[in-house]
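Dumped work_19.csv below, it's CSV, N, CA and C atoms:
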chain,number,residue,atom,x,y,z
A,1,GLN,N,84.9,107.6,107.2
A,1,GLN,CA,85.3,107.6,105.8
A,1,GLN,C,85.6,109.0,105.3
A,2,LEU,N,86.6,109.1,104.4
A,2,LEU,CA,86.9,110.3,103.7
A,2,LEU,C,86.3,110.4,102.3
A,3,GLN,N,85.8,111.5,101.9
A,3,GLN,CA,85.2,111.7,100.6
A,3,GLN,C,85.8,112.9,99.9
A,4,ALA,N,86.5,112.7,98.8
A,4,ALA,CA,87.1,113.7,98.0
A,4,ALA,C,86.1,114.1,96.9
A,5,SER,N,86.0,115.4,96.7
A,5,SER,CA,85.1,115.9,95.6
A,5,SER,C,85.7,117.2,95.0
A,6,GLY,N,85.1,117.6,94.0
A,6,GLY,CA,85.5,118.9,93.4
A,6,GLY,C,86.3,118.8,92.1
A,7,GLY,N,86.6,117.6,91.7
A,7,GLY,CA,87.4,117.4,90.5
A,7,GLY,C,86.5,117.7,89.2
A,8,GLY,N,87.2,117.7,88.1
A,8,GLY,CA,86.5,118.0,86.9
A,8,GLY,C,87.4,118.2,85.7
A,9,LEU,N,86.9,118.7,84.6
A,9,LEU,CA,87.6,119.1,83.4
A,9,LEU,C,87.8,120.6,83.4
A,10,VAL,N,89.1,121.0,83.2
A,10,VAL,CA,89.4,122.4,83.2
A,10,VAL,C,90.5,122.7,82.2
A,11,GLN,N,90.4,123.9,81.6
A,11,GLN,CA,91.5,124.2,80.6
A,11,GLN,C,92.8,124.6,81.4
A,12,ALA,N,93.9,124.4,80.7
A,12,ALA,CA,95.2,124.8,81.2
A,12,ALA,C,95.1,126.3,81.7
A,13,GLY,N,95.7,126.6,82.8
A,13,GLY,CA,95.6,127.9,83.4
A,13,GLY,C,94.4,128.2,84.3
A,14,GLY,N,93.5,127.3,84.3
A,14,GLY,CA,92.3,127.4,85.1
A,14,GLY,C,92.5,127.0,86.6
A,15,SER,N,91.4,127.0,87.3
A,15,SER,CA,91.5,126.7,88.7
A,15,SER,C,90.4,125.7,89.1
A,16,LEU,N,90.7,124.9,90.2
A,16,LEU,CA,89.7,124.0,90.8
A,16,LEU,C,90.0,124.0,92.3
A,17,ARG,N,88.9,123.7,93.1
A,17,ARG,CA,89.1,123.5,94.5
A,17,ARG,C,88.6,122.2,94.8
A,18,LEU,N,89.5,121.3,95.4
A,18,LEU,CA,89.1,120.0,95.8
A,18,LEU,C,88.7,120.1,97.3
A,19,SER,N,87.8,119.3,97.7
A,19,SER,CA,87.4,119.2,99.1
A,19,SER,C,87.5,117.7,99.6
A,20,CYS,N,87.9,117.6,100.9
A,20,CYS,CA,87.9,116.3,101.5
A,20,CYS,C,87.1,116.4,102.8
A,21,ALA,N,86.0,115.7,102.8
A,21,ALA,CA,85.1,115.7,104.0
A,21,ALA,C,85.1,114.4,104.7
A,22,ALA,N,84.8,114.4,105.9
A,22,ALA,CA,84.8,113.1,106.7
A,22,ALA,C,83.5,112.9,107.4
A,23,SER,N,83.1,111.7,107.5
A,23,SER,CA,82.0,111.3,108.4
A,23,SER,C,82.5,110.3,109.4
A,24,GLY,N,82.1,110.6,110.6
A,24,GLY,CA,82.5,109.7,111.7
A,24,GLY,C,83.9,109.8,112.1
A,25,ARG,N,84.6,110.9,111.7
A,25,ARG,CA,86.0,111.1,112.0
A,25,ARG,C,86.3,112.6,112.1
A,26,THR,N,87.0,113.0,113.1
A,26,THR,CA,87.3,114.4,113.3
A,26,THR,C,88.6,114.7,112.7
A,27,LEU,N,88.6,115.4,111.5
A,27,LEU,CA,89.9,115.6,110.8
A,27,LEU,C,90.9,116.4,111.5
A,28,SER,N,90.5,117.2,112.5
A,28,SER,CA,91.5,118.0,113.2
A,28,SER,C,92.4,117.1,114.1
A,29,ASN,N,92.1,115.9,114.2
A,29,ASN,CA,92.9,115.0,115.0
A,29,ASN,C,94.1,114.4,114.1
A,30,TYR,N,94.1,114.7,112.8
A,30,TYR,CA,95.0,114.1,111.9
A,30,TYR,C,95.8,115.1,111.1
A,31,VAL,N,97.0,114.7,110.7
A,31,VAL,CA,97.7,115.4,109.6
A,31,VAL,C,97.0,114.9,108.4
A,32,MET,N,96.7,115.9,107.5
A,32,MET,CA,96.0,115.6,106.3
A,32,MET,C,96.9,115.9,105.0
A,33,GLY,N,96.7,115.0,104.1
A,33,GLY,CA,97.5,115.2,102.9
A,33,GLY,C,96.7,115.0,101.6
A,34,TRP,N,97.2,115.5,100.5
A,34,TRP,CA,96.6,115.3,99.2
A,34,TRP,C,97.7,114.6,98.4
A,35,PHE,N,97.3,113.6,97.7
A,35,PHE,CA,98.2,112.9,96.8
A,35,PHE,C,97.5,112.8,95.4
A,36,ARG,N,98.2,112.4,94.4
A,36,ARG,CA,97.6,112.2,93.1
A,36,ARG,C,98.3,111.0,92.4
A,37,GLN,N,97.6,110.5,91.5
A,37,GLN,CA,98.1,109.4,90.7
A,37,GLN,C,97.6,109.5,89.2
A,38,ALA,N,98.6,109.7,88.4
A,38,ALA,CA,98.3,109.8,86.9
A,38,ALA,C,98.4,108.4,86.3
A,39,PRO,N,97.8,108.2,85.2
A,39,PRO,CA,97.7,106.9,84.5
A,39,PRO,C,99.2,106.4,84.3
A,40,GLY,N,99.4,105.2,84.7
A,40,GLY,CA,100.7,104.6,84.5
A,40,GLY,C,101.8,105.0,85.4
A,41,LYS,N,101.4,105.9,86.4
A,41,LYS,CA,102.4,106.4,87.3
A,41,LYS,C,102.0,106.0,88.8
A,42,GLU,N,103.0,106.1,89.6
A,42,GLU,CA,102.8,105.8,91.0
A,42,GLU,C,102.1,107.0,91.7
A,43,ARG,N,101.4,106.7,92.8
A,43,ARG,CA,100.8,107.8,93.6
A,43,ARG,C,101.9,108.7,94.1
A,44,GLU,N,101.7,110.0,94.0
A,44,GLU,CA,102.8,111.0,94.5
A,44,GLU,C,102.2,112.0,95.4
A,45,PHE,N,103.0,112.4,96.3
A,45,PHE,CA,102.6,113.5,97.3
A,45,PHE,C,102.4,114.8,96.6
A,46,VAL,N,101.3,115.5,97.1
A,46,VAL,CA,101.1,116.8,96.5
A,46,VAL,C,101.2,117.9,97.6
A,47,ALA,N,100.5,117.7,98.8
A,47,ALA,CA,100.6,118.7,99.8
A,47,ALA,C,100.1,118.1,101.1
A,48,ALA,N,100.5,118.7,102.2
A,48,ALA,CA,100.0,118.2,103.5
A,48,ALA,C,99.9,119.4,104.5
A,49,ILE,N,99.1,119.2,105.5
A,49,ILE,CA,98.8,120.3,106.5
A,49,ILE,C,98.8,119.7,107.9
A,50,SER,N,99.3,120.4,108.8
A,50,SER,CA,99.3,120.0,110.2
A,50,SER,C,98.0,120.0,110.8
A,51,ARG,N,97.9,119.4,112.0
A,51,ARG,CA,96.6,119.3,112.7
A,51,ARG,C,96.0,120.7,113.0
A,52,SER,N,96.9,121.6,113.3
A,52,SER,CA,96.4,123.0,113.6
A,52,SER,C,96.2,123.8,112.4
A,53,GLY,N,96.8,123.4,111.3
A,53,GLY,CA,96.7,124.2,110.1
A,53,GLY,C,97.8,125.2,110.0
A,54,ASN,N,98.7,125.3,110.9
A,54,ASN,CA,99.7,126.3,110.9
A,54,ASN,C,100.9,125.9,110.1
A,55,PHE,N,101.0,124.7,109.7
A,55,PHE,CA,102.2,124.3,108.9
A,55,PHE,C,101.7,123.5,107.7
A,56,THR,N,102.2,123.9,106.5
A,56,THR,CA,101.9,123.2,105.3
A,56,THR,C,103.2,122.9,104.5
A,57,THR,N,103.1,121.9,103.7
A,57,THR,CA,104.2,121.5,102.9
A,57,THR,C,103.7,121.1,101.5
A,58,TYR,N,104.5,121.3,100.5
A,58,TYR,CA,104.1,121.0,99.1
A,58,TYR,C,105.2,120.3,98.3
A,59,ALA,N,104.7,119.6,97.3
A,59,ALA,CA,105.7,119.1,96.3
A,59,ALA,C,106.2,120.3,95.5
A,60,ASP,N,107.4,120.2,95.1
A,60,ASP,CA,108.0,121.3,94.3
A,60,ASP,C,107.2,121.6,93.0
A,61,SER,N,106.6,120.5,92.5
A,61,SER,CA,105.8,120.7,91.2
A,61,SER,C,104.6,121.5,91.4
A,62,VAL,N,104.1,121.7,92.6
A,62,VAL,CA,102.9,122.5,92.8
A,62,VAL,C,103.1,123.7,93.6
A,63,LYS,N,104.2,123.9,94.2
A,63,LYS,CA,104.5,125.0,95.1
A,63,LYS,C,104.2,126.3,94.3
A,64,GLY,N,103.5,127.2,95.0
A,64,GLY,CA,103.2,128.5,94.4
A,64,GLY,C,101.9,128.5,93.6
A,65,ARG,N,101.4,127.3,93.3
A,65,ARG,CA,100.2,127.1,92.5
A,65,ARG,C,99.0,126.5,93.3
A,66,PHE,N,99.4,125.6,94.2
A,66,PHE,CA,98.3,124.9,95.0
A,66,PHE,C,98.4,125.4,96.5
A,67,THR,N,97.2,125.4,97.1
A,67,THR,CA,97.2,125.8,98.5
A,67,THR,C,96.3,124.8,99.3
A,68,ILE,N,96.9,124.2,100.3
A,68,ILE,CA,96.1,123.3,101.2
A,68,ILE,C,95.6,124.1,102.4
A,69,SER,N,94.4,123.8,102.8
A,69,SER,CA,93.8,124.5,104.0
A,69,SER,C,92.8,123.6,104.7
A,70,ARG,N,92.4,123.9,105.9
A,70,ARG,CA,91.4,123.1,106.6
A,70,ARG,C,90.5,124.0,107.3
A,71,ASP,N,89.3,123.5,107.4
A,71,ASP,CA,88.2,124.2,108.2
A,71,ASP,C,87.7,123.2,109.2
A,72,GLY,N,88.1,123.4,110.5
A,72,GLY,CA,87.7,122.5,111.5
A,72,GLY,C,86.2,122.5,111.7
A,73,ALA,N,85.5,123.6,111.6
A,73,ALA,CA,84.1,123.7,111.8
A,73,ALA,C,83.3,122.9,110.8
A,74,LYS,N,83.9,122.8,109.6
A,74,LYS,CA,83.2,122.0,108.5
A,74,LYS,C,83.8,120.6,108.4
A,75,ASN,N,84.9,120.4,109.2
A,75,ASN,CA,85.5,119.1,109.2
A,75,ASN,C,85.9,118.7,107.8
A,76,THR,N,86.5,119.7,107.1
A,76,THR,CA,86.9,119.5,105.7
A,76,THR,C,88.3,120.1,105.4
A,77,VAL,N,89.0,119.5,104.5
A,77,VAL,CA,90.3,119.9,104.1
A,77,VAL,C,90.1,120.3,102.6
A,78,TYR,N,90.8,121.3,102.2
A,78,TYR,CA,90.7,121.8,100.8
A,78,TYR,C,92.1,121.8,100.1
A,79,LEU,N,92.0,121.7,98.8
A,79,LEU,CA,93.2,121.9,97.9
A,79,LEU,C,92.8,122.9,96.8
A,80,GLN,N,93.2,124.1,97.0
A,80,GLN,CA,92.9,125.1,95.9
A,80,GLN,C,94.0,125.0,94.9
A,81,MET,N,93.6,124.8,93.7
A,81,MET,CA,94.6,124.6,92.6
A,81,MET,C,94.4,125.7,91.6
A,82,THR,N,95.5,126.4,91.3
A,82,THR,CA,95.4,127.5,90.3
A,82,THR,C,96.5,127.2,89.3
A,83,SER,N,96.5,128.0,88.2
A,83,SER,CA,97.4,127.8,87.1
A,83,SER,C,97.7,126.4,86.7
A,84,LEU,N,96.6,125.7,86.5
A,84,LEU,CA,96.7,124.2,86.3
A,84,LEU,C,97.3,124.0,84.9
A,85,LYS,N,98.1,122.9,84.9
A,85,LYS,CA,98.8,122.4,83.8
A,85,LYS,C,98.3,121.0,83.3
A,86,ALA,N,98.6,120.7,82.1
A,86,ALA,CA,98.2,119.3,81.7
A,86,ALA,C,98.8,118.2,82.5
A,87,GLU,N,100.0,118.5,83.0
A,87,GLU,CA,100.7,117.5,83.8
A,87,GLU,C,100.1,117.3,85.2
A,88,ASP,N,99.1,118.2,85.6
A,88,ASP,CA,98.4,118.0,86.8
A,88,ASP,C,97.2,117.0,86.7
A,89,THR,N,97.0,116.6,85.5
A,89,THR,CA,95.9,115.6,85.3
A,89,THR,C,96.2,114.3,86.1
A,90,ALA,N,95.3,113.9,86.9
A,90,ALA,CA,95.4,112.7,87.7
A,90,ALA,C,94.2,112.5,88.6
A,91,VAL,N,94.1,111.4,89.2
A,91,VAL,CA,93.1,111.2,90.3
A,91,VAL,C,93.7,111.7,91.6
A,92,TYR,N,93.0,112.5,92.3
A,92,TYR,CA,93.5,113.1,93.5
A,92,TYR,C,92.8,112.5,94.7
A,93,TYR,N,93.7,112.1,95.7
A,93,TYR,CA,93.2,111.4,96.9
A,93,TYR,C,93.6,112.3,98.1
A,94,CYS,N,92.7,112.3,99.1
A,94,CYS,CA,93.1,112.8,100.4
A,94,CYS,C,93.3,111.7,101.4
A,95,GLY,N,94.2,112.0,102.3
A,95,GLY,CA,94.6,111.0,103.3
A,95,GLY,C,94.7,111.6,104.6
A,96,ALA,N,94.5,110.8,105.7
A,96,ALA,CA,94.5,111.3,107.1
A,96,ALA,C,95.5,110.3,107.8
A,97,GLY,N,96.3,110.9,108.7
A,97,GLY,CA,97.2,110.0,109.4
A,97,GLY,C,97.8,110.7,110.6
A,98,PRO,N,98.6,110.0,111.4
A,98,PRO,CA,99.2,110.5,112.6
A,98,PRO,C,100.4,111.4,112.3
A,99,ASN,N,101.0,111.3,111.2
A,99,ASN,CA,102.2,112.2,110.9
A,99,ASN,C,102.3,112.3,109.3
A,100,TYR,N,103.3,113.0,108.9
A,100,TYR,CA,103.5,113.3,107.5
A,100,TYR,C,104.0,112.1,106.7
A,101,ASP,N,104.4,111.1,107.4
A,101,ASP,CA,105.0,109.9,106.7
A,101,ASP,C,104.0,108.7,106.7
A,102,ARG,N,102.9,108.9,107.3
A,102,ARG,CA,101.9,107.8,107.4
A,102,ARG,C,100.5,108.3,107.3
A,103,TYR,N,99.8,107.7,106.4
A,103,TYR,CA,98.4,108.0,106.2
A,103,TYR,C,97.6,106.7,106.3
A,104,ASP,N,96.7,106.7,107.2
A,104,ASP,CA,96.0,105.4,107.5
A,104,ASP,C,94.6,105.4,106.8
A,105,TYR,N,94.0,106.5,106.5
A,105,TYR,CA,92.7,106.6,106.0
A,105,TYR,C,92.7,107.4,104.7
A,106,TRP,N,92.0,106.9,103.7
A,106,TRP,CA,92.0,107.5,102.3
A,106,TRP,C,90.6,107.7,101.8
A,107,GLY,N,90.4,108.7,101.0
A,107,GLY,CA,89.2,108.9,100.3
A,107,GLY,C,89.2,108.1,99.0
A,108,GLN,N,88.1,108.2,98.2
A,108,GLN,CA,88.0,107.4,97.0
A,108,GLN,C,88.7,108.0,95.8
A,109,GLY,N,89.0,109.2,95.9
A,109,GLY,CA,89.7,109.9,94.8
A,109,GLY,C,88.7,110.7,93.9
A,110,THR,N,89.2,111.8,93.3
A,110,THR,CA,88.4,112.6,92.4
A,110,THR,C,89.3,112.9,91.2
A,111,GLN,N,88.7,112.8,90.0
A,111,GLN,CA,89.5,113.0,88.8
A,111,GLN,C,89.6,114.5,88.5
A,112,VAL,N,90.8,114.8,88.2
A,112,VAL,CA,91.1,116.2,87.7
A,112,VAL,C,91.7,116.0,86.3
A,113,THR,N,91.1,116.6,85.3
A,113,THR,CA,91.6,116.6,83.9
A,113,THR,C,91.9,118.0,83.4
A,114,VAL,N,93.1,118.3,83.0
A,114,VAL,CA,93.5,119.6,82.5
A,114,VAL,C,93.8,119.5,81.0
A,115,SER,N,93.0,120.2,80.2
A,115,SER,CA,93.2,120.1,78.8
A,115,SER,C,94.1,121.3,78.4
A,116,SER,N,95.0,120.9,77.4
A,116,SER,CA,96.0,121.9,77.0
A,116,SER,C,95.5,122.6,75.7

As structure tokens, how would this structure be written, given the file I've shared?
Amino acid sequence: QLQASGGGLVQAGGSLRLSCAASGRTLSNYVMGWFRQAPGKEREFVAAISRSGNFTTYADSVKGRFTISRDGAKNTVYLQMTSLKAEDTAVYYCGAGPNYDRYDYWGQGTQVTVSS
């Protein structure tokens, strides 16, 4: 199971770090991604990281503000979010899969609310 945490309420311009931890699964075996879903909108891609951690990719809307990383020893993937905007408000989900186009396992989501 994947468990996302670290969400909360923050003012615009602030920062948060989300974590995605796993039990019973070694995350280094998977491509990991972060997605988000705002009220009334479809889930959208935010960022992804390769198994090795050497390659990352981001949605244009978060590029330069968010950083995805992974710690194999802690079996955890992170999403560092800075310069947060009101439009970043959403439930954030982590996913694990065999490639960047397919995620088979999902966390329960963590709410991020950015007040303007």

Next on the checklist: Give me the residues near range 30-33 of chain A as a list of chain:residue names, where near means some atom within 7 Å (using only N, CA and C atoms) and where sequence neighbours in that chain fewer than 6 positions away do not count.
Outcome noted: A:Val46, A:Ala47, A:Ala48, A:Ile49, A:Ser50, A:Arg51, A:Ser52, A:Tyr93, A:Cys94, A:Gly95, A:Ala96, A:Gly97, A:Pro98, A:Asn99, A:Tyr100

Would you save the residues of that selection, restricted to N, CA and C atoms, as a PDB file, in the coordinates of the input?
ATOM      1  N   VAL A  46     101.300 115.500  97.100  1.00  0.00           N
ATOM      2  CA  VAL A  46     101.100 116.800  96.500  1.00  0.00           C
ATOM      3  C   VAL A  46     101.200 117.900  97.600  1.00  0.00           C
ATOM      4  N   ALA A  47     100.500 117.700  98.800  1.00  0.00           N
ATOM      5  CA  ALA A  47     100.600 118.700  99.800  1.00  0.00           C
ATOM      6  C   ALA A  47     100.100 118.100 101.100  1.00  0.00           C
ATOM      7  N   ALA A  48     100.500 118.700 102.200  1.00  0.00           N
ATOM      8  CA  ALA A  48     100.000 118.200 103.500  1.00  0.00           C
ATOM      9  C   ALA A  48      99.900 119.400 104.500  1.00  0.00           C
ATOM     10  N   ILE A  49      99.100 119.200 105.500  1.00  0.00           N
ATOM     11  CA  ILE A  49      98.800 120.300 106.500  1.00  0.00           C
ATOM     12  C   ILE A  49      98.800 119.700 107.900  1.00  0.00           C
ATOM     13  N   SER A  50      99.300 120.400 108.800  1.00  0.00           N
ATOM     14  CA  SER A  50      99.300 120.000 110.200  1.00  0.00           C
ATOM     15  C   SER A  50      98.000 120.000 110.800  1.00  0.00           C
ATOM     16  N   ARG A  51      97.900 119.400 112.000  1.00  0.00           N
ATOM     17  CA  ARG A  51      96.600 119.300 112.700  1.00  0.00           C
ATOM     18  C   ARG A  51      96.000 120.700 113.000  1.00  0.00           C
ATOM     19  N   SER A  52      96.900 121.600 113.300  1.00  0.00           N
ATOM     20  CA  SER A  52      96.400 123.000 113.600  1.00  0.00           C
ATOM     21  C   SER A  52      96.200 123.800 112.400  1.00  0.00           C
ATOM     22  N   TYR A  93      93.700 112.100  95.700  1.00  0.00           N
ATOM     23  CA  TYR A  93      93.200 111.400  96.900  1.00  0.00           C
ATOM     24  C   TYR A  93      93.600 112.300  98.100  1.00  0.00           C
ATOM     25  N   CYS A  94      92.700 112.300  99.100  1.00  0.00           N
ATOM     26  CA  CYS A  94      93.100 112.800 100.400  1.00  0.00           C
ATOM     27  C   CYS A  94      93.300 111.700 101.400  1.00  0.00           C
ATOM     28  N   GLY A  95      94.200 112.000 102.300  1.00  0.00           N
ATOM     29  CA  GLY A  95      94.600 111.000 103.300  1.00  0.00           C
ATOM     30  C   GLY A  95      94.700 111.600 104.600  1.00  0.00           C
ATOM     31  N   ALA A  96      94.500 110.800 105.700  1.00  0.00           N
ATOM     32  CA  ALA A  96      94.500 111.300 107.100  1.00  0.00           C
ATOM     33  C   ALA A  96      95.500 110.300 107.800  1.00  0.00           C
ATOM     34  N   GLY A  97      96.300 110.900 108.700  1.00  0.00           N
ATOM     35  CA  GLY A  97      97.200 110.000 109.400  1.00  0.00           C
ATOM     36  C   GLY A  97      97.800 110.700 110.600  1.00  0.00           C
ATOM     37  N   PRO A  98      98.600 110.000 111.400  1.00  0.00           N
ATOM     38  CA  PRO A  98      99.200 110.500 112.600  1.00  0.00           C
ATOM     39  C   PRO A  98     100.400 111.400 112.300  1.00  0.00           C
ATOM     40  N   ASN A  99     101.000 111.300 111.200  1.00  0.00           N
ATOM     41  CA  ASN A  99     102.200 112.200 110.900  1.00  0.00           C
ATOM     42  C   ASN A  99     102.300 112.300 109.300  1.00  0.00           C
ATOM     43  N   TYR A 100     103.300 113.000 108.900  1.00  0.00           N
ATOM     44  CA  TYR A 100     103.500 113.300 107.500  1.00  0.00           C
ATOM     45  C   TYR A 100     104.000 112.100 106.700  1.00  0.00           C
TER      46      TYR A 100
END

Checklist entry - Closest to Leu18 in chain A among A:Trp106, A:Tyr58, A:Tyr78, A:Tyr92, using only N, CA and C atoms? => result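 Result for the nearest residue to Leu18 in chain A: A:Tyr78.
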
Checklist entry - In Å to one decimal, how far is CA of Phe66 in chain A from CA of Gln80 in chain A? => result 5.5 Å

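We find atom C of Val77 in chain A and CA of Pro39 in chain A to be spaced 23.8 Å apart.
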
Checklist entry - What does the distance between CA of Arg65 in chain A and CA of Ser83 in chain A come to in Å, to one decimal place? => result 6.1 Å

Checklist entry - When distances are computed from all atoms listed in the file, which of A:Gly7, A:Gly109, A:Gly13, A:Gly24 shows the smallest separation from Thr82 in chain A? => result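 Among A:Gly7, A:Gly109, A:Gly13, A:Gly24, it is A:Gly13 that comes nearest to Thr82 in chain A.
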
Among chain A, which ones does DSSP assign to helix (DSSP H, G or I) (computed from the backbone)? Answer as a PDB file with N, CA and C atoms, in the frame of the given file.
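Listed below is the output, states25.pdb:
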ATOM      1  N   LEU A  27      88.600 115.400 111.500  1.00  0.00           N
ATOM      2  CA  LEU A  27      89.900 115.600 110.800  1.00  0.00           C
ATOM      3  C   LEU A  27      90.900 116.400 111.500  1.00  0.00           C
ATOM      4  N   SER A  28      90.500 117.200 112.500  1.00  0.00           N
ATOM      5  CA  SER A  28      91.500 118.000 113.200  1.00  0.00           C
ATOM      6  C   SER A  28      92.400 117.100 114.100  1.00  0.00           C
ATOM      7  N   ASN A  29      92.100 115.900 114.200  1.00  0.00           N
ATOM      8  CA  ASN A  29      92.900 115.000 115.000  1.00  0.00           C
ATOM      9  C   ASN A  29      94.100 114.400 114.100  1.00  0.00           C
ATOM     10  N   ALA A  86      98.600 120.700  82.100  1.00  0.00           N
ATOM     11  CA  ALA A  86      98.200 119.300  81.700  1.00  0.00           C
ATOM     12  C   ALA A  86      98.800 118.200  82.500  1.00  0.00           C
ATOM     13  N   GLU A  87     100.000 118.500  83.000  1.00  0.00           N
ATOM     14  CA  GLU A  87     100.700 117.500  83.800  1.00  0.00           C
ATOM     15  C   GLU A  87     100.100 117.300  85.200  1.00  0.00           C
ATOM     16  N   ASP A  88      99.100 118.200  85.600  1.00  0.00           N
ATOM     17  CA  ASP A  88      98.400 118.000  86.800  1.00  0.00           C
ATOM     18  C   ASP A  88      97.200 117.000  86.700  1.00  0.00           C
TER      19      ASP A  88
END

Item to check | Expected answer as an MDAnalysis selection string: strand (DSSP E or B) residues in chain A | outcome: chainID A and resid 2:5 8:11 16:22 31:37 44:49 56:58 66:71 76:81 90:97 99 102 105:106 110:115

Checklist entry - Restricting the calculation to only C-alpha atoms, which member of A:Ser15, A:Ser28, A:Ser116, A:Gln1 is positioned closest to Asp71 in chain A? => result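 So, comparing all the options, the nearest one is A:Ser28.
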
Item to check | Spatial neighbours of Val91 in chain A, 5 Å, only N, CA and C atoms, chain gap at least 3 places, as a PyMOL selection string | outcome: chain A and resi 36-38+110-112

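Those residues that approach Lys74 in chain A to within 8 Å, counting only N, CA and C atoms, are A:Cys20, A:Ala21, A:Ala22, A:Leu27, A:Arg70; same-chain residues fewer than 4 positions away are not listed.
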
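Distance annotation: of A:Phe45, A:Asn29, A:Gln11, A:Ala4, the residue with the minimal separation from Thr113 in chain A is A:Gln11; atom set is only C-alpha atoms.
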
Next on the checklist: So that I can check the surroundings of Val114 in chain A, please list as a VMD selection string every protein, DNA and RNA residue that reaches within 8 Å of it, counting only C-alpha atoms and ignoring chain neighbours fewer than 5 positions away.
Outcome noted: chain A and resid 9 to 12 84 to 89
